[in-house]
file input32.tsv (TSV, C-alpha atoms)
chain	number	residue	atom	x	y	z
A	1	MET	CA	-1.91	4.22	7.00
A	2	LYS	CA	-2.16	7.92	7.81
A	3	ILE	CA	-4.91	9.90	6.09
A	4	TYR	CA	-4.96	13.69	5.96
A	5	HIS	CA	-7.88	15.79	4.75
A	6	SER	CA	-6.22	19.19	4.34
A	7	LEU	CA	-2.82	20.82	4.01
A	8	GLU	CA	-3.20	22.09	7.56
A	9	GLU	CA	-3.42	18.50	8.81
A	10	THR	CA	-0.27	17.34	7.04
A	11	PRO	CA	2.75	17.20	9.36
A	12	ALA	CA	6.05	18.92	8.72
A	13	ASP	CA	7.63	15.48	8.27
A	14	PHE	CA	5.25	14.32	5.51
A	15	GLY	CA	8.38	14.06	3.37
A	16	PRO	CA	10.70	12.85	2.12
A	17	SER	CA	8.08	11.20	-0.07
A	18	ALA	CA	7.69	9.21	-3.23
A	19	LEU	CA	4.36	10.57	-4.38
A	20	THR	CA	1.76	9.82	-7.01
A	21	ILE	CA	-1.02	12.26	-7.88
A	22	GLY	CA	-4.47	11.63	-9.30
A	23	ASN	CA	-8.13	10.94	-8.72
A	24	PHE	CA	-7.67	7.14	-8.65
A	25	ASP	CA	-11.39	6.44	-8.88
A	26	GLY	CA	-11.87	2.72	-8.44
A	27	VAL	CA	-8.14	2.13	-7.77
A	28	HIS	CA	-8.04	-0.11	-10.82
A	29	PHE	CA	-5.32	-2.30	-12.32
A	30	GLY	CA	-3.51	0.63	-13.95
A	31	HIS	CA	-3.58	2.67	-10.73
A	32	ARG	CA	-2.24	-0.28	-8.78
A	33	ARG	CA	0.71	-0.56	-11.14
A	34	ILE	CA	1.66	3.03	-10.23
A	35	LEU	CA	1.06	2.45	-6.51
A	36	ARG	CA	3.30	-0.63	-6.51
A	37	ARG	CA	6.05	1.34	-8.21
A	38	VAL	CA	5.68	4.13	-5.62
A	39	LYS	CA	6.14	1.57	-2.85
A	40	GLU	CA	9.12	0.03	-4.62
A	41	LEU	CA	10.88	3.35	-5.22
A	42	ALA	CA	10.17	4.58	-1.68
A	43	GLY	CA	11.59	1.37	-0.24
A	44	GLN	CA	14.79	1.69	-2.26
A	45	HIS	CA	15.52	5.17	-0.90
A	46	GLY	CA	13.92	5.22	2.54
A	47	TRP	CA	11.16	7.61	1.48
A	48	LYS	CA	7.50	7.46	2.43
A	49	PRO	CA	5.15	5.92	-0.17
A	50	SER	CA	2.46	8.57	-0.55
A	51	VAL	CA	-0.59	9.62	-2.56
A	52	LEU	CA	-2.14	13.00	-3.29
A	53	THR	CA	-5.76	12.71	-4.36
A	54	PHE	CA	-8.69	15.11	-4.44
A	55	HIS	CA	-12.25	15.45	-3.17
A	56	PRO	CA	-14.51	16.47	-4.72
A	57	HIS	CA	-13.46	15.42	-8.21
A	58	PRO	CA	-11.84	18.43	-9.93
A	59	ALA	CA	-14.38	18.32	-12.76
A	60	SER	CA	-17.20	18.94	-10.29
A	61	VAL	CA	-15.57	22.33	-9.55
A	62	VAL	CA	-14.28	23.48	-12.93
A	63	ALA	CA	-16.79	21.75	-15.27
A	64	PRO	CA	-19.73	20.29	-13.30
A	65	GLU	CA	-21.46	19.09	-16.45
A	66	ARG	CA	-18.53	16.73	-17.07
A	67	ALA	CA	-18.19	15.44	-13.50
A	68	PRO	CA	-18.22	11.61	-13.49
A	69	ALA	CA	-20.32	9.35	-11.30
A	70	LEU	CA	-17.58	8.08	-9.01
A	71	MET	CA	-17.07	4.41	-8.17
A	72	THR	CA	-15.36	4.91	-4.83
A	73	SER	CA	-15.51	7.30	-1.90
A	74	PRO	CA	-12.22	8.89	-0.76
A	75	GLU	CA	-12.20	6.58	2.27
A	76	ARG	CA	-12.66	3.47	0.13
A	77	ARG	CA	-9.89	4.64	-2.20
A	78	ALA	CA	-7.57	4.98	0.79
A	79	GLN	CA	-8.42	1.44	1.95
A	80	LEU	CA	-7.53	0.03	-1.46
A	81	MET	CA	-4.31	2.07	-1.60
A	82	GLU	CA	-3.28	0.67	1.76
A	83	GLU	CA	-3.50	-2.83	0.25
A	84	GLU	CA	-0.68	-1.79	-2.11
A	85	GLY	CA	1.59	-0.56	0.68
A	86	ILE	CA	0.87	3.18	0.58
A	87	ALA	CA	1.74	4.71	3.96
A	88	GLN	CA	0.06	8.12	3.75
A	89	VAL	CA	-2.67	9.76	1.70
A	90	LEU	CA	-3.59	13.42	1.44
A	91	ILE	CA	-7.23	13.79	0.35
A	92	LEU	CA	-7.02	17.44	-0.64
A	93	PRO	CA	-10.22	19.49	-0.96
A	94	PHE	CA	-10.36	20.67	-4.56
A	95	THR	CA	-11.32	24.34	-4.65
A	96	ARG	CA	-11.42	27.11	-7.23
A	97	GLU	CA	-8.35	28.61	-5.55
A	98	LEU	CA	-6.44	25.39	-6.08
A	99	ALA	CA	-7.64	25.24	-9.69
A	100	LEU	CA	-6.15	28.70	-10.33
A	101	LEU	CA	-2.60	27.69	-9.37
A	102	SER	CA	-0.22	27.63	-12.31
A	103	PRO	CA	1.70	24.39	-12.89
A	104	GLU	CA	4.82	25.95	-11.34
A	105	GLN	CA	2.91	27.21	-8.30
A	106	PHE	CA	1.25	23.81	-7.85
A	107	VAL	CA	4.59	22.03	-7.86
A	108	GLN	CA	6.56	24.53	-5.78
A	109	GLN	CA	3.97	25.42	-3.15
A	110	LEU	CA	2.29	22.05	-2.79
A	111	LEU	CA	4.60	19.25	-3.83
A	112	VAL	CA	8.00	20.65	-2.87
A	113	ASP	CA	7.32	23.02	0.04
A	114	ARG	CA	4.49	21.09	1.76
A	115	LEU	CA	4.84	17.43	0.79
A	116	GLY	CA	8.62	17.08	0.52
A	117	VAL	CA	8.63	15.15	-2.72
A	118	LYS	CA	11.76	13.32	-3.82
A	119	ALA	CA	10.03	11.50	-6.64
A	120	VAL	CA	6.70	12.05	-8.42
A	121	LEU	CA	5.09	9.24	-10.39
A	122	VAL	CA	2.12	9.86	-12.69
A	123	GLY	CA	0.32	8.31	-15.64
A	124	ASP	CA	1.17	9.42	-19.17
A	125	ASN	CA	-2.09	11.40	-19.51
A	126	PHE	CA	-1.48	13.45	-16.35
A	127	HIS	CA	-2.41	17.16	-16.50
A	128	PHE	CA	-2.32	19.72	-13.71
A	129	GLY	CA	-2.43	23.41	-12.94
A	130	HIS	CA	-4.68	26.20	-14.20
A	131	LYS	CA	-6.65	25.14	-17.28
A	132	GLN	CA	-4.71	21.85	-17.26
A	133	ALA	CA	-1.68	23.69	-18.64
A	134	GLY	CA	0.81	21.29	-17.08
A	135	ASN	CA	1.56	17.87	-18.55
A	136	THR	CA	4.21	15.19	-18.06
A	137	ALA	CA	6.84	17.18	-19.99
A	138	VAL	CA	6.22	20.24	-17.82
A	139	LEU	CA	6.36	18.13	-14.65
A	140	THR	CA	9.63	16.55	-15.74
A	141	GLU	CA	11.20	19.94	-16.41
A	142	LEU	CA	10.00	21.33	-13.08
A	143	GLY	CA	11.41	18.27	-11.34
A	144	LYS	CA	14.85	18.93	-12.81
A	145	ARG	CA	14.71	22.54	-11.60
A	146	MET	CA	13.31	21.81	-8.15
A	147	GLY	CA	15.24	18.69	-7.26
A	148	PHE	CA	12.93	15.67	-7.56
A	149	GLU	CA	12.73	12.69	-9.87
A	150	THR	CA	9.82	12.31	-12.28
A	151	GLU	CA	8.66	8.93	-13.50
A	152	ILE	CA	5.94	8.48	-16.11
A	153	VAL	CA	4.02	5.19	-16.02
A	154	SER	CA	2.39	4.15	-19.28
A	155	ALA	CA	-1.24	3.12	-19.46
A	156	VAL	CA	-1.92	-0.60	-19.28
A	157	ALA	CA	-4.24	-2.70	-21.40
A	158	CYS	CA	-6.30	-5.77	-20.59
A	159	ARG	CA	-8.15	-7.85	-23.18
A	160	GLY	CA	-7.24	-5.33	-25.85
A	161	ARG	CA	-8.59	-2.26	-24.04
A	162	VAL	CA	-6.80	0.48	-22.13
A	163	VAL	CA	-7.74	0.28	-18.46
A	164	SER	CA	-9.45	3.51	-17.41
A	165	SER	CA	-11.90	4.62	-14.75
A	166	SER	CA	-14.31	5.93	-17.40
A	167	GLY	CA	-14.26	2.62	-19.26
A	168	ILE	CA	-14.90	0.64	-16.08
A	169	ARG	CA	-17.81	2.92	-15.17
A	170	GLU	CA	-19.42	2.05	-18.51
A	171	LEU	CA	-18.95	-1.66	-17.81
A	172	VAL	CA	-20.67	-1.29	-14.44
A	173	ARG	CA	-23.54	0.72	-15.94
A	174	SER	CA	-24.10	-2.00	-18.52
A	175	GLY	CA	-23.99	-4.80	-15.94
A	176	ARG	CA	-20.67	-6.30	-17.06
A	177	VAL	CA	-19.50	-6.52	-13.47
A	178	SER	CA	-17.26	-9.56	-13.84
A	179	LEU	CA	-15.09	-7.81	-16.45
A	180	ALA	CA	-15.15	-4.65	-14.33
A	181	ALA	CA	-13.84	-6.70	-11.39
A	182	ARG	CA	-10.99	-8.01	-13.52
A	183	LEU	CA	-9.92	-4.49	-14.47
A	184	LEU	CA	-10.35	-3.18	-10.93
A	185	GLU	CA	-8.66	-6.22	-9.36
A	186	HIS	CA	-11.53	-6.20	-6.87
A	187	PRO	CA	-15.32	-6.39	-7.24
A	188	TYR	CA	-17.32	-3.22	-7.70
A	189	GLY	CA	-19.39	-2.62	-4.56
A	190	LEU	CA	-22.18	-0.50	-3.14
A	191	GLU	CA	-22.18	0.55	0.50
A	192	GLY	CA	-24.91	1.88	2.74
A	193	GLU	CA	-27.42	1.20	5.46
A	194	VAL	CA	-29.79	-1.74	5.67
A	195	VAL	CA	-33.32	-0.33	5.68
A	196	SER	CA	-36.80	-1.76	6.10
A	197	GLY	CA	-38.60	-2.70	2.93
A	198	ARG	CA	-42.33	-3.11	2.39
A	199	GLY	CA	-42.24	-6.58	3.97
A	200	VAL	CA	-43.56	-8.25	0.84
A	201	GLY	CA	-40.42	-10.31	0.29
A	202	SER	CA	-40.36	-11.89	3.74
A	203	ARG	CA	-44.09	-12.69	3.53
A	204	GLU	CA	-44.44	-13.91	-0.04
A	205	THR	CA	-41.00	-14.72	-1.49
A	206	VAL	CA	-37.73	-14.75	0.52
A	207	PRO	CA	-36.31	-12.39	3.18
A	208	THR	CA	-33.80	-9.87	1.88
A	209	LEU	CA	-31.51	-7.10	3.08
A	210	ASN	CA	-32.58	-3.82	1.51
A	211	LEU	CA	-29.67	-1.48	0.82
A	212	ALA	CA	-29.96	2.30	0.89
A	213	THR	CA	-26.91	3.82	-0.77
A	214	THR	CA	-25.76	7.27	-1.80
A	215	ALA	CA	-23.55	5.80	-4.55
A	216	ALA	CA	-23.73	7.65	-7.85
A	217	LEU	CA	-22.92	4.61	-9.99
A	218	ILE	CA	-25.41	1.73	-9.90
A	219	PRO	CA	-25.07	-1.45	-11.99
A	220	ALA	CA	-27.70	-2.11	-14.64
A	221	ARG	CA	-31.03	-3.48	-13.49
A	222	GLY	CA	-30.97	-7.23	-13.04
A	223	VAL	CA	-29.94	-10.12	-10.83
A	224	TYR	CA	-26.32	-10.60	-9.74
A	225	VAL	CA	-24.20	-13.06	-7.84
A	226	THR	CA	-22.77	-10.99	-5.00
A	227	ARG	CA	-20.78	-11.09	-1.81
A	228	THR	CA	-22.13	-9.11	1.13
A	229	ARG	CA	-19.93	-7.73	3.92
A	230	ASP	CA	-20.90	-6.35	7.30
A	231	LEU	CA	-19.15	-2.98	7.57
A	232	ASP	CA	-19.28	-2.98	11.36
A	233	GLU	CA	-18.12	-6.55	11.98
A	234	SER	CA	-16.00	-9.10	10.15
A	235	ARG	CA	-18.97	-11.09	8.85
A	236	LYS	CA	-19.49	-11.84	5.17
A	237	TRP	CA	-21.94	-13.92	3.16
A	238	ASN	CA	-22.30	-15.28	-0.33
A	239	SER	CA	-25.45	-13.76	-1.74
A	240	ILE	CA	-27.61	-12.89	-4.72
A	241	THR	CA	-28.86	-9.36	-5.37
A	242	ASN	CA	-31.65	-7.86	-7.44
A	243	ILE	CA	-31.48	-4.26	-8.66
A	244	GLY	CA	-34.75	-2.96	-10.02
A	245	TYR	CA	-38.26	-1.66	-9.54
A	246	ARG	CA	-40.07	-4.81	-8.29
A	247	PRO	CA	-42.40	-5.13	-11.31
A	248	THR	CA	-44.10	-8.27	-9.95
A	249	PHE	CA	-45.60	-6.17	-7.15
A	250	GLY	CA	-46.59	-3.21	-9.32
A	251	GLN	CA	-44.19	-0.80	-10.99
A	252	SER	CA	-42.40	1.38	-8.44
A	253	ASP	CA	-40.68	4.67	-9.10
A	254	GLN	CA	-38.02	3.90	-6.51
A	255	LEU	CA	-35.06	1.69	-7.38
A	256	SER	CA	-34.50	-1.10	-4.87
A	257	ILE	CA	-31.35	-3.10	-4.13
A	258	GLU	CA	-32.38	-6.33	-2.41
A	259	THR	CA	-29.94	-9.01	-1.31
A	260	PHE	CA	-30.78	-12.60	-0.39
A	261	LEU	CA	-28.08	-14.23	1.74
A	262	LEU	CA	-27.08	-17.75	0.70
A	263	ASP	CA	-25.26	-18.37	3.99
A	264	PRO	CA	-26.87	-18.40	7.47
A	265	LEU	CA	-27.11	-14.94	9.02
A	266	ALA	CA	-25.92	-16.19	12.45
A	267	GLY	CA	-26.58	-13.13	14.54
A	268	GLU	CA	-28.29	-9.80	14.29
A	269	THR	CA	-29.13	-8.21	10.98
A	270	PRO	CA	-26.20	-5.96	9.95
A	271	ARG	CA	-26.74	-2.20	10.11
A	272	ARG	CA	-24.35	-1.28	7.28
A	273	ILE	CA	-23.19	-3.48	4.42
A	274	ARG	CA	-21.15	-3.48	1.25
A	275	VAL	CA	-22.57	-5.55	-1.60
A	276	GLU	CA	-19.87	-6.64	-4.07
A	277	PHE	CA	-20.99	-7.56	-7.59
A	278	LEU	CA	-19.33	-10.65	-9.05
A	279	TRP	CA	-21.39	-11.89	-11.99
A	280	ARG	CA	-24.63	-10.98	-13.76
A	281	VAL	CA	-27.25	-13.73	-13.85
A	282	ARG	CA	-30.19	-12.23	-15.77
A	283	ASP	CA	-32.34	-9.19	-16.47
A	284	GLU	CA	-35.04	-8.11	-14.06
A	285	ARG	CA	-38.46	-9.19	-15.24
A	286	ARG	CA	-42.07	-9.33	-14.15
A	287	PHE	CA	-43.60	-12.60	-12.92
A	288	ASP	CA	-47.27	-13.55	-12.90
A	289	SER	CA	-47.35	-14.21	-9.17
A	290	PRO	CA	-45.22	-13.98	-6.02
A	291	GLU	CA	-44.99	-17.77	-6.09
A	292	ALA	CA	-43.45	-17.71	-9.56
A	293	LEU	CA	-41.01	-15.03	-8.44
A	294	LYS	CA	-40.04	-17.08	-5.38
A	295	ALA	CA	-39.37	-20.11	-7.58
A	296	GLN	CA	-37.13	-17.99	-9.81
A	297	ILE	CA	-35.27	-16.53	-6.82
A	298	LEU	CA	-34.55	-20.05	-5.56
A	299	LYS	CA	-33.39	-21.03	-9.05
A	300	ASP	CA	-31.12	-17.95	-9.13
A	301	ALA	CA	-29.80	-18.96	-5.72
A	302	ARG	CA	-28.86	-22.40	-7.06
A	303	THR	CA	-27.09	-20.69	-9.96
A	304	ALA	CA	-25.17	-18.55	-7.47
A	305	LEU	CA	-24.22	-21.56	-5.34
A	306	ALA	CA	-22.88	-23.29	-8.46
A	307	TYR	CA	-20.90	-20.14	-9.26
A	308	PHE	CA	-19.24	-20.16	-5.83
A	309	ARG	CA	-18.48	-23.89	-6.11
A	310	ARG	CA	-16.71	-23.29	-9.40
A	311	ARG	CA	-14.76	-20.38	-7.88
A	312	ARG	CA	-13.60	-22.61	-5.03
A	313	ALA	CA	-12.64	-25.33	-7.51
A	314	TRP	CA	-10.51	-22.91	-9.53
A	315	ALA	CA	-8.93	-21.48	-6.37
A	316	THR	CA	-7.91	-24.96	-5.19
A	317	GLY	CA	-6.81	-26.20	-8.62
A	318	GLN	CA	-9.57	-28.81	-8.78
A	319	ALA	CA	-11.57	-27.35	-11.66
A	320	THR	CA	-11.91	-28.91	-15.09
A	321	THR	CA	-12.22	-27.08	-18.38
A	322	GLY	CA	-16.00	-27.51	-18.22
A	323	ASP	CA	-16.09	-25.64	-14.93
A	324	ARG	CA	-14.78	-22.41	-16.44
A	325	LEU	CA	-16.99	-19.42	-15.79
A	326	SER	CA	-18.11	-17.33	-18.73
A	327	HIS	CA	-17.35	-13.63	-18.33
call {"tool": "encode", "arguments": {"input": "input32.tsv", "output": "structure tokens"}}
result
Amino acid sequence: MKIYHSLEETPADFGPSALTIGNFDGVHFGHRRILRRVKELAGQHGWKPSVLTFHPHPASVVAPERAPALMTSPERRAQLMEEEGIAQVLILPFTRELALLSPEQFVQQLLVDRLGVKAVLVGDNFHFGHKQAGNTAVLTELGKRMGFETEIVSAVACRGRVVSSSGIRELVRSGRVSLAARLLEHPYGLEGEVVSGRGVGSRETVPTLNLATTAALIPARGVYVTRTRDLDESRKWNSITNIGYRPTFGQSDQLSIETFLLDPLAGETPRRIRVEFLWRVRDERRFDSPEALKAQILKDARTALAYFRRRRAWATGQATTGDRLSH
């Protein structure tokens, strides 16, 4: 995949392109439906399957008070788009100058003249241009005038709810990470550096990896079954993670994200990790002693191991009805 971070970086042969436009935060099930159609249409005509996305989020420029806490960095979004066969992504800096373009200027100057669009695919709630004046009807009309196809992809629903980034953010905030993973088609994750803790865990309970992250969206406090990935190597571990304020050791004002690996570390401690949240086990709570906390952590670990056994059983077709996980 080729990733460009400005119009100046984009080559003259960016087109001919089949292009979709949006923020794509999370790259969820509905986004993936559009991306797959972009790939399909591009393949039929020999065009390049492409994405135009923005950073920062447009709301942070035009209405900062409404800017969402994003689930994914631009780089992570591009990784997920590549899984769906997208060949090139333009991560365009969103500026006030860009926000002032009229819908016609946006399409002519950006899509047609710079990105060589032959087809533009967007969701049915797509708006663009100054004060969001452009919508799907405007885009369709401009496409007829300027020589490209327009395809509108309807929103999708899962379990009776429309799949949306805002809805998935609320699921993550409330700790419903297993349902969020279903709608994303991948687990929600936090990335960052492994940092030194206070050393209490390794002395009195169990050793953990302490994650420092700049992520804006953190799952609700509690204990989760997780998968931990080394961002610098290909290592990964089944794990269990606590998000909270360590009440057993005195209330802290700093949120901690502590991960206990269920698999052997086998090598040096990773420098950077991504912790992927699969299933919520319980709320965080205070224990009367470090020994009681350690016993609970080991119990949580057994719960997590049972979870992964059931996942393997379902993946291999060996599960029974009683093995079904509750989401």
call {"tool": "closest_residue", "arguments": {"input": "input32.tsv", "among": "A:Ser60, A:Gly116, A:Val89, A:Met71", "to": "A:Ala12", "atoms": "only C-alpha atoms"}}
result
A:Gly116
call {"tool": "closest_atom_pairs", "arguments": {"input": "input32.tsv", "of": "stretch 130-237 of chain A", "to": "stretch 101-108 of chain A", "cutoff": "9 Å", "atoms": "all atoms listed in the file", "output": "CSV"}}
result
residue,atom,partner,partner_atom,distance
A:His130,CA,A:Ser102,CA,5.1
A:Lys131,CA,A:Ser102,CA,8.5
A:Gln132,CA,A:Pro103,CA,8.2
A:Ala133,CA,A:Pro103,CA,6.7
A:Gly134,CA,A:Pro103,CA,5.3
A:Asn135,CA,A:Pro103,CA,8.6
A:Val138,CA,A:Pro103,CA,7.9
A:Leu139,CA,A:Pro103,CA,8.0
A:Leu142,CA,A:Glu104,CA,7.2
A:Gly143,CA,A:Val107,CA,8.5
A:Met146,CA,A:Gln108,CA,7.7
call {"tool": "atom_distance", "arguments": {"input": "input32.tsv", "atom1": "atom CA of A:Ala137", "atom2": "atom CA of A:Leu110"}}
result
18.4 Å
call {"tool": "residues_around", "arguments": {"input": "input32.tsv", "residues": "A:Leu90", "least_positions_apart": "2", "cutoff": "6 Å", "atoms": "all atoms listed in the file", "output": "MDAnalysis selection string"}}
result
chainID A and resid 3:5 52 92
call {"tool": "atom_distance", "arguments": {"input": "input32.tsv", "atom1": "atom CA of A:Val62", "atom2": "atom CA of A:Gln109"}}
result
20.8 Å
call {"tool": "closest_residue", "arguments": {"input": "input32.tsv", "among": "A:Phe308, A:Phe148, A:Tyr245, A:Phe94", "to": "A:Ile257", "atoms": "all atoms listed in the file"}}
result
A:Tyr245
